[in-house]
file my_file07.cif (mmCIF, C-alpha atoms; chains and numbers go by the auth columns)
data_structure
loop_
_atom_site.group_PDB
_atom_site.id
_atom_site.type_symbol
_atom_site.label_atom_id
_atom_site.label_comp_id
_atom_site.label_asym_id
_atom_site.label_seq_id
_atom_site.Cartn_x
_atom_site.Cartn_y
_atom_site.Cartn_z
_atom_site.B_iso_or_equiv
_atom_site.auth_seq_id
_atom_site.auth_asym_id
ATOM 1 C CA MET A 1 2.016 -25.494 19.328 0.00 92 A
ATOM 2 C CA SER A 2 4.736 -27.282 17.389 0.00 93 A
ATOM 3 C CA ASN A 3 7.021 -25.663 14.847 0.00 94 A
ATOM 4 C CA SER A 4 5.685 -28.114 12.275 0.00 95 A
ATOM 5 C CA LEU A 5 2.186 -26.678 12.668 0.00 96 A
ATOM 6 C CA VAL A 6 3.465 -23.122 12.365 0.00 97 A
ATOM 7 C CA THR A 7 5.207 -24.169 9.162 0.00 98 A
ATOM 8 C CA GLU A 8 1.992 -25.799 7.954 0.00 99 A
ATOM 9 C CA LEU A 9 0.043 -22.599 8.645 0.00 100 A
ATOM 10 C CA ILE A 10 2.531 -20.548 6.659 0.00 101 A
ATOM 11 C CA GLU A 11 2.648 -23.035 3.777 0.00 102 A
ATOM 12 C CA ALA A 12 -1.160 -22.969 3.681 0.00 103 A
ATOM 13 C CA GLY A 13 -1.088 -19.190 3.241 0.00 104 A
ATOM 14 C CA VAL A 14 -2.955 -18.501 6.473 0.00 105 A
ATOM 15 C CA HIS A 15 -1.017 -15.231 6.832 0.00 106 A
ATOM 16 C CA PHE A 16 -2.251 -13.687 3.574 0.00 107 A
ATOM 17 C CA GLY A 17 -4.915 -11.054 4.173 0.00 108 A
ATOM 18 C CA HIS A 18 -6.961 -8.946 1.765 0.00 109 A
ATOM 19 C CA ARG A 19 -5.873 -5.909 -0.189 0.00 110 A
ATOM 20 C CA ALA A 20 -4.968 -3.108 2.180 0.00 111 A
ATOM 21 C CA SER A 21 -7.733 -0.928 0.724 0.00 112 A
ATOM 22 C CA ARG A 22 -10.343 -3.392 2.014 0.00 113 A
ATOM 23 C CA TRP A 23 -9.136 -3.699 5.589 0.00 114 A
ATOM 24 C CA ASN A 24 -11.124 -3.143 8.752 0.00 115 A
ATOM 25 C CA PRO A 25 -9.110 -0.846 11.082 0.00 116 A
ATOM 26 C CA LYS A 26 -10.158 -2.987 14.056 0.00 117 A
ATOM 27 C CA MET A 27 -7.901 -5.724 12.654 0.00 118 A
ATOM 28 C CA ALA A 28 -4.786 -3.563 13.107 0.00 119 A
ATOM 29 C CA ALA A 29 -3.632 -5.538 16.158 0.00 120 A
ATOM 30 C CA TYR A 30 -3.528 -8.725 14.078 0.00 121 A
ATOM 31 C CA ILE A 31 -1.618 -7.333 11.089 0.00 122 A
ATOM 32 C CA TYR A 32 2.140 -7.811 10.857 0.00 123 A
ATOM 33 C CA ALA A 33 2.959 -5.811 7.727 0.00 124 A
ATOM 34 C CA ARG A 34 1.803 -4.641 4.318 0.00 125 A
ATOM 35 C CA LYS A 35 3.431 -6.088 1.225 0.00 126 A
ATOM 36 C CA ASN A 36 2.522 -5.392 -2.412 0.00 127 A
ATOM 37 C CA LEU A 37 -0.727 -3.736 -1.295 0.00 128 A
ATOM 38 C CA ILE A 38 -1.678 -6.897 0.673 0.00 129 A
ATOM 39 C CA HIS A 39 -1.910 -7.037 4.442 0.00 130 A
ATOM 40 C CA ILE A 40 0.128 -9.814 6.063 0.00 131 A
ATOM 41 C CA ILE A 41 -1.448 -11.321 9.170 0.00 132 A
ATOM 42 C CA ASP A 42 0.744 -11.874 12.220 0.00 133 A
ATOM 43 C CA ILE A 43 1.003 -15.668 12.407 0.00 134 A
ATOM 44 C CA ARG A 44 1.704 -15.395 16.150 0.00 135 A
ATOM 45 C CA GLU A 45 -1.776 -13.938 16.610 0.00 136 A
ATOM 46 C CA THR A 46 -3.204 -16.781 14.542 0.00 137 A
ATOM 47 C CA VAL A 47 -1.535 -19.305 16.835 0.00 138 A
ATOM 48 C CA ARG A 48 -2.778 -17.513 19.965 0.00 139 A
ATOM 49 C CA GLY A 49 -6.312 -17.429 18.635 0.00 140 A
ATOM 50 C CA LEU A 50 -6.153 -21.082 17.640 0.00 141 A
ATOM 51 C CA LEU A 51 -4.897 -22.162 21.067 0.00 142 A
ATOM 52 C CA ARG A 52 -7.637 -20.193 22.852 0.00 143 A
ATOM 53 C CA ALA A 53 -10.280 -21.695 20.573 0.00 144 A
ATOM 54 C CA GLN A 54 -9.001 -25.261 21.052 0.00 145 A
ATOM 55 C CA LYS A 55 -8.948 -24.839 24.823 0.00 146 A
ATOM 56 C CA TYR A 56 -12.501 -23.524 24.854 0.00 147 A
ATOM 57 C CA LEU A 57 -13.800 -26.242 22.533 0.00 148 A
ATOM 58 C CA SER A 58 -12.296 -28.893 24.802 0.00 149 A
ATOM 59 C CA GLN A 59 -14.216 -27.396 27.744 0.00 150 A
ATOM 60 C CA VAL A 60 -17.461 -27.245 25.772 0.00 151 A
ATOM 61 C CA VAL A 61 -17.249 -30.852 24.598 0.00 152 A
ATOM 62 C CA ALA A 62 -16.190 -32.076 28.039 0.00 153 A
ATOM 63 C CA GLY A 63 -19.418 -30.540 29.339 0.00 154 A
ATOM 64 C CA GLY A 64 -21.466 -32.575 26.887 0.00 155 A
ATOM 65 C CA SER A 65 -22.472 -29.590 24.752 0.00 156 A
ATOM 66 C CA LEU A 66 -22.655 -29.314 20.981 0.00 157 A
ATOM 67 C CA VAL A 67 -20.440 -27.365 18.585 0.00 158 A
ATOM 68 C CA LEU A 68 -21.965 -26.211 15.298 0.00 159 A
ATOM 69 C CA PHE A 69 -19.574 -25.821 12.346 0.00 160 A
ATOM 70 C CA VAL A 70 -20.676 -23.143 9.850 0.00 161 A
ATOM 71 C CA GLY A 71 -19.160 -22.304 6.469 0.00 162 A
ATOM 72 C CA THR A 72 -21.298 -21.874 3.357 0.00 163 A
ATOM 73 C CA LYS A 73 -18.849 -20.162 0.999 0.00 164 A
ATOM 74 C CA ARG A 74 -17.605 -22.276 -1.881 0.00 165 A
ATOM 75 C CA GLN A 75 -14.053 -22.544 -0.504 0.00 166 A
ATOM 76 C CA ALA A 76 -15.271 -23.785 2.901 0.00 167 A
ATOM 77 C CA SER A 77 -18.252 -26.003 2.091 0.00 168 A
ATOM 78 C CA ALA A 78 -16.503 -29.338 1.587 0.00 169 A
ATOM 79 C CA THR A 79 -14.132 -28.825 4.519 0.00 170 A
ATOM 80 C CA ILE A 80 -16.931 -27.910 6.924 0.00 171 A
ATOM 81 C CA GLU A 81 -18.871 -31.037 5.983 0.00 172 A
ATOM 82 C CA ARG A 82 -15.836 -33.315 6.253 0.00 173 A
ATOM 83 C CA GLU A 83 -14.572 -31.927 9.553 0.00 174 A
ATOM 84 C CA GLY A 84 -18.041 -31.651 11.085 0.00 175 A
ATOM 85 C CA LEU A 85 -18.638 -35.336 10.356 0.00 176 A
ATOM 86 C CA ARG A 86 -15.188 -36.278 11.627 0.00 177 A
ATOM 87 C CA ALA A 87 -15.768 -34.369 14.852 0.00 178 A
ATOM 88 C CA GLY A 88 -19.223 -35.903 15.230 0.00 179 A
ATOM 89 C CA MET A 89 -20.842 -32.474 15.362 0.00 180 A
ATOM 90 C CA PRO A 90 -23.619 -30.760 13.363 0.00 181 A
ATOM 91 C CA PHE A 91 -22.702 -28.481 10.486 0.00 182 A
ATOM 92 C CA VAL A 92 -24.144 -26.020 7.963 0.00 183 A
ATOM 93 C CA ASN A 93 -22.246 -25.942 4.671 0.00 184 A
ATOM 94 C CA GLU A 94 -24.801 -25.026 2.002 0.00 185 A
ATOM 95 C CA ARG A 95 -27.170 -22.315 3.207 0.00 186 A
ATOM 96 C CA TRP A 96 -27.891 -20.765 6.588 0.00 187 A
ATOM 97 C CA LEU A 97 -31.641 -20.934 7.098 0.00 188 A
ATOM 98 C CA GLY A 98 -32.991 -17.937 8.994 0.00 189 A
ATOM 99 C CA GLY A 99 -34.036 -19.017 12.482 0.00 190 A
ATOM 100 C CA THR A 100 -31.740 -22.048 12.624 0.00 191 A
ATOM 101 C CA LEU A 101 -30.933 -21.006 16.194 0.00 192 A
ATOM 102 C CA THR A 102 -33.584 -18.442 17.138 0.00 193 A
ATOM 103 C CA ASN A 103 -36.456 -20.548 15.792 0.00 194 A
ATOM 104 C CA PHE A 104 -34.969 -23.947 16.536 0.00 195 A
ATOM 105 C CA GLY A 105 -38.345 -25.649 17.048 0.00 196 A
ATOM 106 C CA THR A 106 -39.298 -25.019 13.426 0.00 197 A
ATOM 107 C CA ILE A 107 -35.980 -26.398 12.208 0.00 198 A
ATOM 108 C CA ARG A 108 -36.548 -29.570 14.206 0.00 199 A
ATOM 109 C CA SER A 109 -39.988 -29.955 12.641 0.00 200 A
ATOM 110 C CA ARG A 110 -38.447 -29.633 9.174 0.00 201 A
ATOM 111 C CA LEU A 111 -35.953 -32.364 10.085 0.00 202 A
ATOM 112 C CA THR A 112 -38.903 -34.567 11.018 0.00 203 A
ATOM 113 C CA ARG A 113 -40.366 -33.881 7.573 0.00 204 A
ATOM 114 C CA LEU A 114 -37.037 -34.798 5.983 0.00 205 A
ATOM 115 C CA GLU A 115 -37.089 -38.161 7.760 0.00 206 A
ATOM 116 C CA GLU A 116 -40.700 -38.719 6.646 0.00 207 A
ATOM 117 C CA LEU A 117 -39.713 -38.083 3.032 0.00 208 A
ATOM 118 C CA GLU A 118 -36.803 -40.506 3.294 0.00 209 A
ATOM 119 C CA ARG A 119 -39.100 -43.235 4.600 0.00 210 A
ATOM 120 C CA LEU A 120 -41.664 -42.534 1.872 0.00 211 A
ATOM 121 C CA LEU A 121 -39.170 -42.422 -0.994 0.00 212 A
ATOM 122 C CA GLY A 122 -37.643 -45.693 0.137 0.00 213 A
ATOM 123 C CA SER A 123 -40.925 -47.552 0.467 0.00 214 A
ATOM 124 C CA PRO A 124 -43.291 -49.285 -2.022 0.00 215 A
ATOM 125 C CA GLU A 125 -45.928 -46.689 -1.091 0.00 216 A
ATOM 126 C CA LEU A 126 -44.237 -44.198 -3.443 0.00 217 A
ATOM 127 C CA ALA A 127 -45.547 -46.135 -6.459 0.00 218 A
ATOM 128 C CA SER A 128 -49.122 -45.258 -5.463 0.00 219 A
ATOM 129 C CA TYR A 129 -48.447 -41.564 -6.157 0.00 220 A
ATOM 130 C CA SER A 130 -48.716 -39.965 -9.586 0.00 221 A
ATOM 131 C CA LYS A 131 -45.532 -39.260 -11.571 0.00 222 A
ATOM 132 C CA LYS A 132 -46.032 -35.545 -10.972 0.00 223 A
ATOM 133 C CA MET A 133 -46.333 -36.019 -7.214 0.00 224 A
ATOM 134 C CA GLN A 134 -43.298 -38.305 -7.144 0.00 225 A
ATOM 135 C CA SER A 135 -41.280 -35.642 -8.944 0.00 226 A
ATOM 136 C CA ALA A 136 -42.461 -32.976 -6.478 0.00 227 A
ATOM 137 C CA LEU A 137 -41.571 -35.155 -3.498 0.00 228 A
ATOM 138 C CA ASN A 138 -38.112 -35.833 -4.912 0.00 229 A
ATOM 139 C CA ARG A 139 -37.493 -32.104 -5.448 0.00 230 A
ATOM 140 C CA GLU A 140 -38.636 -31.328 -1.919 0.00 231 A
ATOM 141 C CA TYR A 141 -36.371 -34.038 -0.539 0.00 232 A
ATOM 142 C CA ARG A 142 -33.287 -32.882 -2.456 0.00 233 A
ATOM 143 C CA LYS A 143 -33.738 -29.290 -1.286 0.00 234 A
ATOM 144 C CA MET A 144 -34.324 -30.257 2.342 0.00 235 A
ATOM 145 C CA TYR A 145 -31.451 -32.731 2.340 0.00 236 A
ATOM 146 C CA ARG A 146 -29.056 -30.109 0.975 0.00 237 A
ATOM 147 C CA ASN A 147 -30.012 -27.535 3.617 0.00 238 A
ATOM 148 C CA LEU A 148 -30.736 -29.687 6.664 0.00 239 A
ATOM 149 C CA ASN A 149 -28.722 -32.906 6.459 0.00 240 A
ATOM 150 C CA GLY A 150 -25.853 -31.523 8.545 0.00 241 A
ATOM 151 C CA LEU A 151 -28.229 -30.569 11.373 0.00 242 A
ATOM 152 C CA ARG A 152 -29.624 -34.056 12.003 0.00 243 A
ATOM 153 C CA THR A 153 -27.566 -34.525 15.178 0.00 244 A
ATOM 154 C CA MET A 154 -28.410 -31.091 16.571 0.00 245 A
ATOM 155 C CA ASN A 155 -31.123 -32.179 19.007 0.00 246 A
ATOM 156 C CA ARG A 156 -30.548 -29.085 21.144 0.00 247 A
ATOM 157 C CA LEU A 157 -29.000 -25.658 20.740 0.00 248 A
ATOM 158 C CA PRO A 158 -25.194 -25.645 20.507 0.00 249 A
ATOM 159 C CA GLN A 159 -22.949 -24.059 23.109 0.00 250 A
ATOM 160 C CA CYS A 160 -20.589 -22.761 20.435 0.00 251 A
ATOM 161 C CA LEU A 161 -20.393 -21.912 16.724 0.00 252 A
ATOM 162 C CA VAL A 162 -17.233 -22.391 14.667 0.00 253 A
ATOM 163 C CA VAL A 163 -17.540 -19.990 11.737 0.00 254 A
ATOM 164 C CA VAL A 164 -15.503 -19.444 8.578 0.00 255 A
ATOM 165 C CA ASP A 165 -15.778 -15.757 7.579 0.00 256 A
ATOM 166 C CA PRO A 166 -18.233 -13.932 9.879 0.00 257 A
ATOM 167 C CA ASN A 167 -18.909 -11.419 7.084 0.00 258 A
ATOM 168 C CA LYS A 168 -20.351 -14.189 4.928 0.00 259 A
ATOM 169 C CA GLU A 169 -22.078 -15.834 7.900 0.00 260 A
ATOM 170 C CA LYS A 170 -23.369 -12.614 9.479 0.00 261 A
ATOM 171 C CA ASN A 171 -26.858 -14.040 9.996 0.00 262 A
ATOM 172 C CA ALA A 172 -25.490 -17.038 11.892 0.00 263 A
ATOM 173 C CA VAL A 173 -23.290 -14.795 14.051 0.00 264 A
ATOM 174 C CA ARG A 174 -26.200 -12.453 14.717 0.00 265 A
ATOM 175 C CA GLU A 175 -28.444 -15.306 15.890 0.00 266 A
ATOM 176 C CA ALA A 176 -25.688 -16.711 18.102 0.00 267 A
ATOM 177 C CA ARG A 177 -25.048 -13.313 19.725 0.00 268 A
ATOM 178 C CA LYS A 178 -28.757 -12.867 20.357 0.00 269 A
ATOM 179 C CA LEU A 179 -28.891 -16.180 22.233 0.00 270 A
ATOM 180 C CA GLY A 180 -25.553 -15.774 24.028 0.00 271 A
ATOM 181 C CA ILE A 181 -23.929 -18.629 22.092 0.00 272 A
ATOM 182 C CA THR A 182 -20.135 -18.324 21.899 0.00 273 A
ATOM 183 C CA THR A 183 -18.660 -17.772 18.428 0.00 274 A
ATOM 184 C CA ILE A 184 -15.226 -18.892 17.235 0.00 275 A
ATOM 185 C CA ALA A 185 -14.347 -17.527 13.809 0.00 276 A
ATOM 186 C CA LEU A 186 -11.605 -17.547 11.211 0.00 277 A
ATOM 187 C CA ILE A 187 -11.457 -13.829 10.396 0.00 278 A
ATOM 188 C CA ASP A 188 -9.647 -12.067 7.576 0.00 279 A
ATOM 189 C CA THR A 189 -8.418 -8.477 7.507 0.00 280 A
ATOM 190 C CA ASP A 190 -11.781 -7.194 6.242 0.00 281 A
ATOM 191 C CA CYS A 191 -13.703 -8.542 9.266 0.00 282 A
ATOM 192 C CA ASP A 192 -14.744 -6.932 12.546 0.00 283 A
ATOM 193 C CA PRO A 193 -13.169 -8.957 15.398 0.00 284 A
ATOM 194 C CA ASP A 194 -15.613 -7.407 17.877 0.00 285 A
ATOM 195 C CA GLU A 195 -18.446 -9.364 16.265 0.00 286 A
ATOM 196 C CA VAL A 196 -17.101 -12.713 17.507 0.00 287 A
ATOM 197 C CA ASP A 197 -16.001 -13.996 20.906 0.00 288 A
ATOM 198 C CA LEU A 198 -12.847 -15.886 19.945 0.00 289 A
ATOM 199 C CA PRO A 199 -11.295 -14.622 16.704 0.00 290 A
ATOM 200 C CA ILE A 200 -8.641 -16.580 14.819 0.00 291 A
ATOM 201 C CA PRO A 201 -6.992 -14.114 12.422 0.00 292 A
ATOM 202 C CA GLY A 202 -6.199 -15.764 9.110 0.00 293 A
ATOM 203 C CA ASN A 203 -6.979 -16.134 5.441 0.00 294 A
ATOM 204 C CA ASP A 204 -10.665 -17.065 5.183 0.00 295 A
ATOM 205 C CA ASP A 205 -10.693 -17.348 1.376 0.00 296 A
ATOM 206 C CA GLY A 206 -7.933 -19.886 0.702 0.00 297 A
ATOM 207 C CA ILE A 207 -9.108 -23.496 0.619 0.00 298 A
ATOM 208 C CA ARG A 208 -5.920 -24.817 2.217 0.00 299 A
ATOM 209 C CA SER A 209 -5.977 -22.137 4.915 0.00 300 A
ATOM 210 C CA ILE A 210 -9.560 -22.995 5.817 0.00 301 A
ATOM 211 C CA GLU A 211 -8.708 -26.704 5.863 0.00 302 A
ATOM 212 C CA VAL A 212 -5.765 -26.357 8.241 0.00 303 A
ATOM 213 C CA ILE A 213 -7.610 -24.167 10.768 0.00 304 A
ATOM 214 C CA THR A 214 -10.822 -26.210 10.663 0.00 305 A
ATOM 215 C CA GLN A 215 -8.894 -29.474 11.016 0.00 306 A
ATOM 216 C CA GLN A 216 -7.143 -28.169 14.121 0.00 307 A
ATOM 217 C CA LEU A 217 -10.451 -27.159 15.695 0.00 308 A
ATOM 218 C CA ALA A 218 -12.082 -30.475 14.771 0.00 309 A
ATOM 219 C CA ASN A 219 -9.074 -32.287 16.283 0.00 310 A
ATOM 220 C CA ALA A 220 -9.682 -30.505 19.596 0.00 311 A
ATOM 221 C CA VAL A 221 -13.348 -31.530 19.522 0.00 312 A
ATOM 222 C CA GLY A 222 -12.529 -35.141 18.641 0.00 313 A
ATOM 223 C CA GLN A 223 -9.886 -35.469 21.349 0.00 314 A
ATOM 224 C CA ALA A 224 -12.205 -34.001 23.972 0.00 315 A
ATOM 225 C CA ARG A 225 -14.986 -36.383 22.947 0.00 316 A
ATOM 226 C CA ALA A 226 -12.665 -39.364 23.194 0.00 317 A
ATOM 227 C CA THR A 227 -11.520 -38.255 26.646 0.00 318 A
ATOM 228 C CA ALA A 228 -15.078 -37.725 27.848 0.00 319 A
ATOM 229 C CA VAL A 229 -16.452 -41.103 26.699 0.00 320 A
ATOM 230 C CA ALA A 230 -16.484 -42.511 30.237 0.00 321 A
ATOM 231 C CA VAL A 231 -17.471 -39.234 31.917 0.00 322 A
ATOM 232 C CA ASP A 232 -20.984 -38.290 32.916 0.00 323 A
ATOM 233 C CA LYS A 233 -22.209 -35.790 30.300 0.00 324 A
ATOM 234 C CA GLY A 234 -23.669 -33.584 32.994 0.00 325 A
ATOM 235 C CA GLY A 235 -20.434 -33.391 34.939 0.00 326 A
ATOM 236 C CA VAL A 236 -19.541 -29.851 33.889 0.00 327 A
ATOM 237 C CA ALA A 237 -21.982 -27.152 34.859 0.00 328 A
ATOM 238 C CA PRO A 238 -22.873 -24.393 32.387 0.00 329 A
ATOM 239 C CA SER A 239 -21.252 -21.865 34.736 0.00 330 A
ATOM 240 C CA GLN A 240 -17.939 -23.730 34.416 0.00 331 A
ATOM 241 C CA VAL A 241 -18.182 -23.593 30.628 0.00 332 A
ATOM 242 C CA ARG A 242 -18.786 -19.840 30.742 0.00 333 A
ATOM 243 C CA GLU A 243 -15.795 -19.409 33.057 0.00 334 A
ATOM 244 C CA ALA A 244 -13.659 -21.384 30.599 0.00 335 A
ATOM 245 C CA ALA A 245 -14.802 -19.099 27.783 0.00 336 A
ATOM 246 C CA ALA A 246 -13.919 -15.990 29.791 0.00 337 A
ATOM 247 C CA GLU A 247 -10.497 -17.455 30.631 0.00 338 A
ATOM 248 C CA ALA A 248 -9.870 -18.316 26.988 0.00 339 A
ATOM 249 C CA LYS A 249 -10.630 -14.755 25.913 0.00 340 A
ATOM 250 C CA ASP A 250 -8.146 -13.223 28.375 0.00 341 A
#
call {"tool": "encode", "arguments": {"input": "my_file07.cif", "output": "structure tokens"}}
result
Amino acid sequence: MSNSLVTELIEAGVHFGHRASRWNPKMAAYIYARKNLIHIIDIRETVRGLLRAQKYLSQVVAGGSLVLFVGTKRQASATIEREGLRAGMPFVNERWLGGTLTNFGTIRSRLTRLEELERLLGSPELASYSKKMQSALNREYRKMYRNLNGLRTMNRLPQCLVVVDPNKEKNAVREARKLGITTIALIDTDCDPDEVDLPIPGNDDGIRSIEVITQQLANAVGQARATAVAVDKGGVAPSQVREAAAEAKD
């Protein structure tokens, strides 16, 4: 990890936590100091968490598995969409639909409906419907597009979730834990690090902080994809991916 990146993390305010009164005591190991009633996160712990997460993501992508980027809070939405697209991975940046993971078959059927609506709205057949029906179809399409567009490439369950603020995305984390899907999360001082597999302590409210961390994780995914272009996608067994996750956590 270069000094320039450490400087970038600091300039982005990654080390600024919440007010001390809002802290979760389980975050004590990641806190460097308290200043003006604000907890300051130990940037060394941020770097360690980021390195572990990048290493694990490289293993996941090398094995041909998917990574799902999740961040629906206002500060994270645009970044999650941009970096998910850049990494070539699915993302959720508007609303987490219950059952996205645990009821994946239903989500896939809704994606099929979204594609049907797109074909209908772009065809001459639409003119045969009444104005009222056209309006209803357009409303349905806009709602489905907003909630499901980022999941189009998720043709199977992901191996890993990258989450911004597990408190905000508690439903996503809960579904992932239920299915044994690894979670990587940017966690602030009010979060419970035990709820995720690979925590990255840092400011999860600052737009610039979220951008820097998410960009670094997306870079790891993109580099691993580029490296694996000529490699058989089934070349890494699931057991090897799990071993990589265990190693990354140590």
call {"tool": "residues_around", "arguments": {"input": "my_file07.cif", "residues": "stretch 283-298 of chain A", "least_positions_apart": "3", "cutoff": "6 Å", "atoms": "all atoms listed in the file", "output": "NGL selection string"}}
result
:A and (105-108 or 137 or 140-141 or 166 or 256 or 274-279 or 301)
call {"tool": "resolve_selection", "arguments": {"input": "my_file07.cif", "expression": "the PyMOL selection byres ((chain A and resi 144-148) around 7)", "output": "PyMOL selection string"}}
result
chain A and resi 140-143+149-152+275+289+308+311-312+335-336+339
call {"tool": "closest_atom_pairs", "arguments": {"input": "my_file07.cif", "of": "stretch 219-261 of chain A", "to": "stretch 179-191 of chain A", "cutoff": "10 Å", "atoms": "only C-alpha atoms", "output": "tab-separated table"}}
result
residue	atom	partner	partner_atom	distance
A:Arg237	CA	A:Glu185	CA	6.7
A:Asn238	CA	A:Arg186	CA	6.0
A:Leu239	CA	A:Val183	CA	7.7
A:Asn240	CA	A:Val183	CA	8.4
A:Gly241	CA	A:Phe182	CA	4.8
A:Leu242	CA	A:Pro181	CA	5.0
A:Arg243	CA	A:Pro181	CA	7.0
A:Thr244	CA	A:Pro181	CA	5.7
A:Met245	CA	A:Pro181	CA	5.8
A:Asn246	CA	A:Pro181	CA	9.5
A:Leu248	CA	A:Thr191	CA	9.3
A:Pro249	CA	A:Pro181	CA	8.9
A:Leu252	CA	A:Phe182	CA	9.3
A:Val253	CA	A:Phe182	CA	9.2
A:Val254	CA	A:Val183	CA	9.7
A:Glu260	CA	A:Trp187	CA	7.7
A:Lys261	CA	A:Trp187	CA	9.8
call {"tool": "residues_around", "arguments": {"input": "my_file07.cif", "residues": "A:Asn310", "least_positions_apart": "3", "cutoff": "9 Å", "atoms": "only C-alpha atoms", "output": "PDB file with C-alpha atoms, in the coordinates of the input"}}
result
ATOM      1  CA  GLN A 145      -9.001 -25.261  21.052  1.00  0.00           C
ATOM      2  CA  GLU A 174     -14.572 -31.927   9.553  1.00  0.00           C
ATOM      3  CA  ARG A 177     -15.188 -36.278  11.627  1.00  0.00           C
ATOM      4  CA  ALA A 178     -15.768 -34.369  14.852  1.00  0.00           C
ATOM      5  CA  THR A 305     -10.822 -26.210  10.663  1.00  0.00           C
ATOM      6  CA  GLN A 306      -8.894 -29.474  11.016  1.00  0.00           C
ATOM      7  CA  GLN A 307      -7.143 -28.169  14.121  1.00  0.00           C
ATOM      8  CA  GLY A 313     -12.529 -35.141  18.641  1.00  0.00           C
ATOM      9  CA  GLN A 314      -9.886 -35.469  21.349  1.00  0.00           C
ATOM     10  CA  ALA A 315     -12.205 -34.001  23.972  1.00  0.00           C
TER      11      ALA A 315
END
call {"tool": "closest_residue", "arguments": {"input": "my_file07.cif", "among": "A:Arg165, A:Ser226, A:Lys269, A:Tyr232", "to": "A:Thr203", "atoms": "only C-alpha atoms"}}
result
A:Tyr232
call {"tool": "atom_distance", "arguments": {"input": "my_file07.cif", "atom1": "atom CA of A:Ser156", "atom2": "atom CA of A:Gln250"}}
result
5.8 Å
call {"tool": "atom_distance", "arguments": {"input": "my_file07.cif", "atom1": "atom CA of A:Ile272", "atom2": "atom CA of A:Val303"}}
result
24.1 Å
call {"tool": "decode", "arguments": {"input": "my_file07.cif", "residues": "stretch 310-321 of chain A", "atoms": "N, CA, C and O atoms", "output": "compact mmCIF listing (two decimals), in the first residue's frame"}}
result
# COMPACT_ATOMS: atom_id res chain seq x y z
N ASN A 310 -11.09 -1.71 -8.15
CA ASN A 310 -9.82 -1.90 -8.85
C ASN A 310 -9.34 -3.34 -8.72
O ASN A 310 -8.86 -3.94 -9.69
N ALA A 311 -9.46 -3.89 -7.50
CA ALA A 311 -9.02 -5.27 -7.27
C ALA A 311 -9.84 -6.24 -8.10
O ALA A 311 -9.31 -7.20 -8.68
N VAL A 312 -11.15 -5.99 -8.20
CA VAL A 312 -12.02 -6.84 -9.01
C VAL A 312 -11.65 -6.73 -10.49
O VAL A 312 -11.51 -7.74 -11.19
N GLY A 313 -11.47 -5.50 -10.96
CA GLY A 313 -11.14 -5.29 -12.37
C GLY A 313 -9.81 -5.92 -12.76
O GLY A 313 -9.69 -6.54 -13.83
N GLN A 314 -8.81 -5.78 -11.90
CA GLN A 314 -7.50 -6.36 -12.19
C GLN A 314 -7.56 -7.88 -12.22
O GLN A 314 -6.94 -8.53 -13.07
N ALA A 315 -8.33 -8.45 -11.29
CA ALA A 315 -8.45 -9.91 -11.25
C ALA A 315 -9.20 -10.42 -12.48
O ALA A 315 -8.85 -11.48 -13.03
N ARG A 316 -10.19 -9.68 -12.92
CA ARG A 316 -10.92 -10.09 -14.13
C ARG A 316 -10.02 -10.05 -15.35
O ARG A 316 -10.06 -10.95 -16.20
N ALA A 317 -9.22 -9.00 -15.44
CA ALA A 317 -8.31 -8.87 -16.58
C ALA A 317 -7.30 -10.01 -16.59
O ALA A 317 -6.97 -10.57 -17.65
N THR A 318 -6.82 -10.39 -15.42
CA THR A 318 -5.83 -11.46 -15.31
C THR A 318 -6.44 -12.81 -15.66
O THR A 318 -5.77 -13.68 -16.22
N ALA A 319 -7.73 -12.96 -15.35
CA ALA A 319 -8.38 -14.26 -15.52
C ALA A 319 -9.04 -14.44 -16.88
O ALA A 319 -9.71 -15.44 -17.10
N VAL A 320 -8.86 -13.48 -17.79
CA VAL A 320 -9.54 -13.55 -19.09
C VAL A 320 -9.24 -14.87 -19.80
O VAL A 320 -10.14 -15.49 -20.37
N ALA A 321 -7.98 -15.30 -19.77
CA ALA A 321 -7.60 -16.50 -20.52
C ALA A 321 -7.62 -17.76 -19.66
O ALA A 321 -7.17 -18.81 -20.08
